Protein chains: 2
Amino acid sequence: MGKNLTKRSEDYSKWYNELVIKADMAENSGVRGCMVIKPYGFAIWEKIQAGLDKMFKDTGHQNAYFPLFIPKSYLSKEASHVEGFAKECAVVTHYRLKSAEDGSGLIVDEDAKLEEELIVRPTSETIIWDTYRKWIQSYRDLPLLINQWANVVRWEMRTRLFLRTTEFLWQEGHTAHETEQEAIEESELILNIYADFAENHMAVPVIKGTKTESERFAGAIETYCIEALMQDGKALQAGTSHFLGQNFAKAFDVKFATREGKQEYVWATSWGVSTRLMGALIMTHSDDNGLVLPPKLAPIQVVIVPIYKGLEQLDAISERVNPLVKELQNKGISVKYDKRDTHKPGFKFNEYELKGVPVRIAVGQRDMENGTYELARRDTLEKETVEADGVVAKIEFLLEDIQRNIFEKALNYREEHITEVDGYEEFKRVLEQKGGFISAHWDGTSATEDKIKEETKATIRCIALDAIEEAGSCMVTGKPSSKRVLFAKAY
Amino acid sequence: MGKNLTKRSEDYSKWYNELVIKADMAENSGVRGCMVIKPYGFAIWEKIQAGLDKMFKDTGHQNAYFPLFIPKSYLSKEASHVEGFAKECAVVTHYRLKSAEDGSGLIVDEDAKLEEELIVRPTSETIIWDTYRKWIQSYRDLPLLINQWANVVRWEMRTRLFLRTTEFLWQEGHTAHETEQEAIEESELILNIYADFAENHMAVPVIKGTKTESERFAGAIETYCIEALMQDGKALQAGTSHFLGQNFAKAFDVKFATREGKQEYVWATSWGVSTRLMGALIMTHSDDNGLVLPPKLAPIQVVIVPIYKGLEQLDAISERVNPLVKELQNKGISVKYDKRDTHKPGFKFNEYELKGVPVRIAVGQRDMENGTYELARRDTLEKETVEADGVVAKIEFLLEDIQRNIFEKALNYREEHITEVDGYEEFKRVLEQKGGFISAHWDGTSATEDKIKEETKATIRCIALDAIEEAGSCMVTGKPSSKRVLFAKAY
């Protein structure tokens, strides 16, 4: 199609990297591991933000904002948290630069050394729970349901646009509750919101589950997750919701007066999704021609390309197209009428295919004579010619149908790529030859999990919430197991 | 009123600090100079963001996101920019912590020293223009109209919530143009958007003008600004829009092929408003009873407080109030029905006054018998009893009238506090005794400006765009001047 895009079958990883750049989603910056999110990519992220933000608010959450910096000592307060997050991070040690005396440029002013180093937040549990101590005195202050949209920094050695970057954008919810039960319900509520959003807005099917101990968030009692499957058979963790027990309340001494007048530690959750979702979105649906976007998140849902010679023909087309543009806009459909005269129709077709615009309308002289439009849908690349009269209804149908179709396509792929295996050799063979999720029995120990990871690079993605109780034996050790878990190689 | 709020006349500064805390807008964090924006304050900021974002998009701007970190060497590339921004800043020097061998906790890992230090962005011109070099080749790539919502860090020695904090939230627009004229028009367009938003959404009257050379943005050819006046007679710069000429294009080598096929440097603007606007909003309207919020930005526009004894009375009130709540919501009015039984009506009245809710409705037994509601407006504290039939129309009227009234009140105050003076002694007297803007002749030199600043702490806030040509002589040096400029002490 003239897009010079590597085919998925040739090199999936290269295809992804090229697509992100060519479709104007994001690019690497001059700062190691930090990306620039370009306007087209950011417009999709804004729609993800708006959709999730509404769901959070509809369930009683409020947004707030906490500092970018975390004093080093805060990180040490929760023992397992520090192990997970205090290592690879950006450390601010000074607060001033000065001009070098030899005229060689700017240097760090050693007189401006901080007494205590500040860490650029890798996640905000510590600074937030340090704040909650002041906000929570009584059960009347609970539940506290707060979310923030923010940038965070984790010093990753190997980075990939959207999937793993040193700085990324995310939302992090941090809630405080009276009871253990209420906090668990909150983590599950959020898990369901994430799954709902992934499936019904992003059209990305996900499996809901819990993490094993070794994959759990540092400081959590239970980590719930949604796991998606990419077209190369690798899994991608798309969101996590953590039940934190009283760990952070104890670390930061956050107690409340109960209804019975006793002092108790608060129960907590935290949960987040990030710009990683953009990677999941791109990899789930796109093809060798470029992006395929779900209509609900597409910045441009419909593009109209006129095919004409000379200004007179263009004017005639515009006279017919302008009212259609207005009618679509009035229905809340985002539409672009691209009448640039600097580019040919074929170039435009390619561009919008590459950018995943769900519906493309072309209008040429034959359409003008026949009172028709040519409609092309991005997901199947099918074209059809429709009467002008019914075009709006047809577009509305197509937008819904594309949303439904790409979800089903992804769901079918996922279902075809969950394989039940019972032996370790079979496991290895399926992993290498087919990929996807492998449903197998496991003895419940980290030792076995580590061994499998070391030998095959597969990890336990989750213990599915809907896993059925089934007596079996671990494929590696033969020890008893009560349910299957889902393995996969993962991003 | 039982709010224990210092009166403005006693100590304006203390009043402000207390109000920000008591009204749940923001508070200081454990990190020096960094604030926590609390949910109620953040809800106002979200409305500011949404309003401005729509105005930017309606004028063709797109959002994007650029890295938090700026390599030290980037800052040195634009000579005057580095003077203004490279000094007091957060410097990241290392990317790893490790556990101290003596078990004393976390320490910086000296093996993880960055080759080049990274600066936490104080503003993003340098990293963005380094990116634009890759994005701009031809006039077809122009104009490039991009905005980002982001956090920035400037290492301030003396901080105050919202007004001056080490980390703050803002938007920064960065645009690139073919011609000087187009870039100047863009800076003016944005200035008008800022003024429109300040006056018509925030109800804060502003004076549009340009900065003198010494108050100009580091790297700008011209800085346009909007200046507001607070109730203590001090000015507050509420937004700036800079015409940057070709300074950053030259520093980062951003050239484009013109329509004539020549290579030329791109013309630029940058512009921003920040969480400082929250300070302007609070200080412009609020009174000794607490916040006064413009209805267009109030998170809760109408609160309904039932006055009752026993559940039976409450149920009867709720039966009448619930349909009213729905009717108001259907009209897009945000309404809260506060039937908490843990707090008395008087407590609630105080709370909503403190939080600046524009319209309060009380419903007691007499209202139930008479078919009435008691309405109180926050701006004037006036109460009136209205028939239930006309209550919705009355509320709609009140919301508009409060928006109009607080703007006019602020405008009257501002107009009364612009004083024309011709002599330097009179200048000093007015500055000390009356405050506000002082309109005076100035000889156009930085030397005189510096002398006035040193002797009186007043600065030239702006040269108003609508200043009339008028022959005069500088109040300090007696040298000729062609127009008056506006002086004030400022935040």
# chains A, B, ... in the order shown; residues from 1 in each chain; ligands from 1
>>> interface_residues(of="chain A", to="chain B", cutoff="6 Å", atoms="only C-alpha atoms", output="list of chain:residue names")
A:Cys34, A:Val36, A:Ile37, A:Lys38, A:Pro39, A:Phe42, A:Gln62, A:Asn63, A:Ala64, A:Tyr65, A:Phe66, A:Pro67, A:Lys87, A:Glu88, A:Cys89, A:Ala90, A:Val91, A:Val92, A:His94, A:Tyr95, A:Arg96, A:Leu97
>>> write_last_selection(atoms="C-alpha atoms", output="PDB file, in the first residue's frame")
ATOM      1  CA  CYS A  34      11.466   9.671  27.453  1.00  0.00           C
ATOM      2  CA  VAL A  36       7.190  12.842  22.945  1.00  0.00           C
ATOM      3  CA  ILE A  37       3.492  12.064  22.562  1.00  0.00           C
ATOM      4  CA  LYS A  38       2.485  13.699  19.283  1.00  0.00           C
ATOM      5  CA  PRO A  39      -0.866  15.462  18.811  1.00  0.00           C
ATOM      6  CA  PHE A  42      -2.301  12.515  22.495  1.00  0.00           C
ATOM      7  CA  GLN A  62     -12.520  12.887  43.076  1.00  0.00           C
ATOM      8  CA  ASN A  63      -9.325  14.129  41.486  1.00  0.00           C
ATOM      9  CA  ALA A  64      -6.539  15.854  43.400  1.00  0.00           C
ATOM     10  CA  TYR A  65      -2.849  16.544  42.867  1.00  0.00           C
ATOM     11  CA  PHE A  66       0.155  15.518  44.972  1.00  0.00           C
ATOM     12  CA  PRO A  67       3.811  16.549  44.623  1.00  0.00           C
ATOM     13  CA  LYS A  87      16.043   1.414  43.106  1.00  0.00           C
ATOM     14  CA  GLU A  88      15.897   2.623  39.531  1.00  0.00           C
ATOM     15  CA  CYS A  89      14.659   6.176  39.886  1.00  0.00           C
ATOM     16  CA  ALA A  90      15.535   9.777  39.077  1.00  0.00           C
ATOM     17  CA  VAL A  91      17.281  11.393  42.038  1.00  0.00           C
ATOM     18  CA  VAL A  92      17.300  15.172  42.504  1.00  0.00           C
ATOM     19  CA  HIS A  94      20.834  19.849  43.802  1.00  0.00           C
ATOM     20  CA  TYR A  95      18.639  22.881  43.277  1.00  0.00           C
ATOM     21  CA  ARG A  96      20.858  25.231  41.332  1.00  0.00           C
ATOM     22  CA  LEU A  97      23.127  25.466  38.304  1.00  0.00           C
TER      23      LEU A  97
END
>>> select_by_dssp(residues="segment 18-111 of chain A", states="strand (DSSP E or B)", output="list in words")
Ala26, Glu27, Asn28, Met35, Val36, Ile37, Gln62, Asn63, Tyr65, Phe69, Ile70, Pro71, Glu88, Cys89, Ala90, Val91, Val92, Thr93, His94, Tyr95, Arg96, Leu97, Lys98, Ser99, Leu106, Ile107 and Val108 of chain A
>>> select_by_dssp(residues="segment 390-466 of chain A", states="alpha helix (DSSP H)", output="PyMOL selection string")
chain A and resi 391-416+424-433+446-456
>>> residues_around(residues="Leu431 of chain B", least_positions_apart="5", cutoff="9 Å", atoms="only C-alpha atoms", output="PyMOL selection string")
chain B and resi 233+426+436-438+456+458+488-489
>>> residues_around(residues="Gln365 of chain A", least_positions_apart="3", cutoff="12 Å", atoms="only C-alpha atoms", output="PyMOL selection string")
chain A and resi 306-310+312-314+316-317+362+368-374
>>> residues_around(residues="Lys409 of chain B", least_positions_apart="4", cutoff="10 Å", atoms="only C-alpha atoms", output="PyMOL selection string")
chain B and resi 203-205+284-285+379+404-405+413-415
>>> write_last_selection(atoms="C-alpha atoms", output="mmCIF file, in the first residue's frame")
data_model
loop_
_atom_site.group_PDB
_atom_site.id
_atom_site.type_symbol
_atom_site.label_atom_id
_atom_site.label_comp_id
_atom_site.auth_asym_id
_atom_site.auth_seq_id
_atom_site.Cartn_x
_atom_site.Cartn_y
_atom_site.Cartn_z
ATOM 1 C CA ALA B 203 -15.060 37.230 36.656
ATOM 2 C CA VAL B 204 -11.610 38.742 37.152
ATOM 3 C CA PRO B 205 -11.140 42.042 35.269
ATOM 4 C CA THR B 284 -10.319 38.825 43.780
ATOM 5 C CA HIS B 285 -13.720 37.814 45.094
ATOM 6 C CA ASP B 379 -21.876 37.290 46.951
ATOM 7 C CA ARG B 404 -22.154 39.545 36.615
ATOM 8 C CA ASN B 405 -22.165 41.182 40.039
ATOM 9 C CA TYR B 413 -12.601 48.279 42.715
ATOM 10 C CA ARG B 414 -10.003 48.131 39.948
ATOM 11 C CA GLU B 415 -11.238 51.347 38.305
#
>>> closest_residue(among="B:Ser13, B:Thr59, B:Ser334, B:Ser104", to="Ile190 of chain B", atoms="only C-alpha atoms")
B:Thr59
>>> residues_around(residues="Val266 of chain A", least_positions_apart="3", cutoff="7 Å", atoms="only C-alpha atoms", output="ChimeraX atom specification")
/A:176-178,246,249,254-256
>>> residues_around(residues="Ile333 of chain A", least_positions_apart="3", cutoff="10 Å", atoms="only C-alpha atoms", output="list in words")
Pro295, Lys296, Pro299, Ile300, Gln301, Val302, Val325, Lys326, Glu327, Leu328, Gln329, Asn330, Lys336, Ile395, Glu396 and Leu399 of chain A
>>> closest_residue(among="B:Val363, B:Val357, B:Ala198, B:Ala218", to="Arg378 of chain B", atoms="only C-alpha atoms")
B:Val357
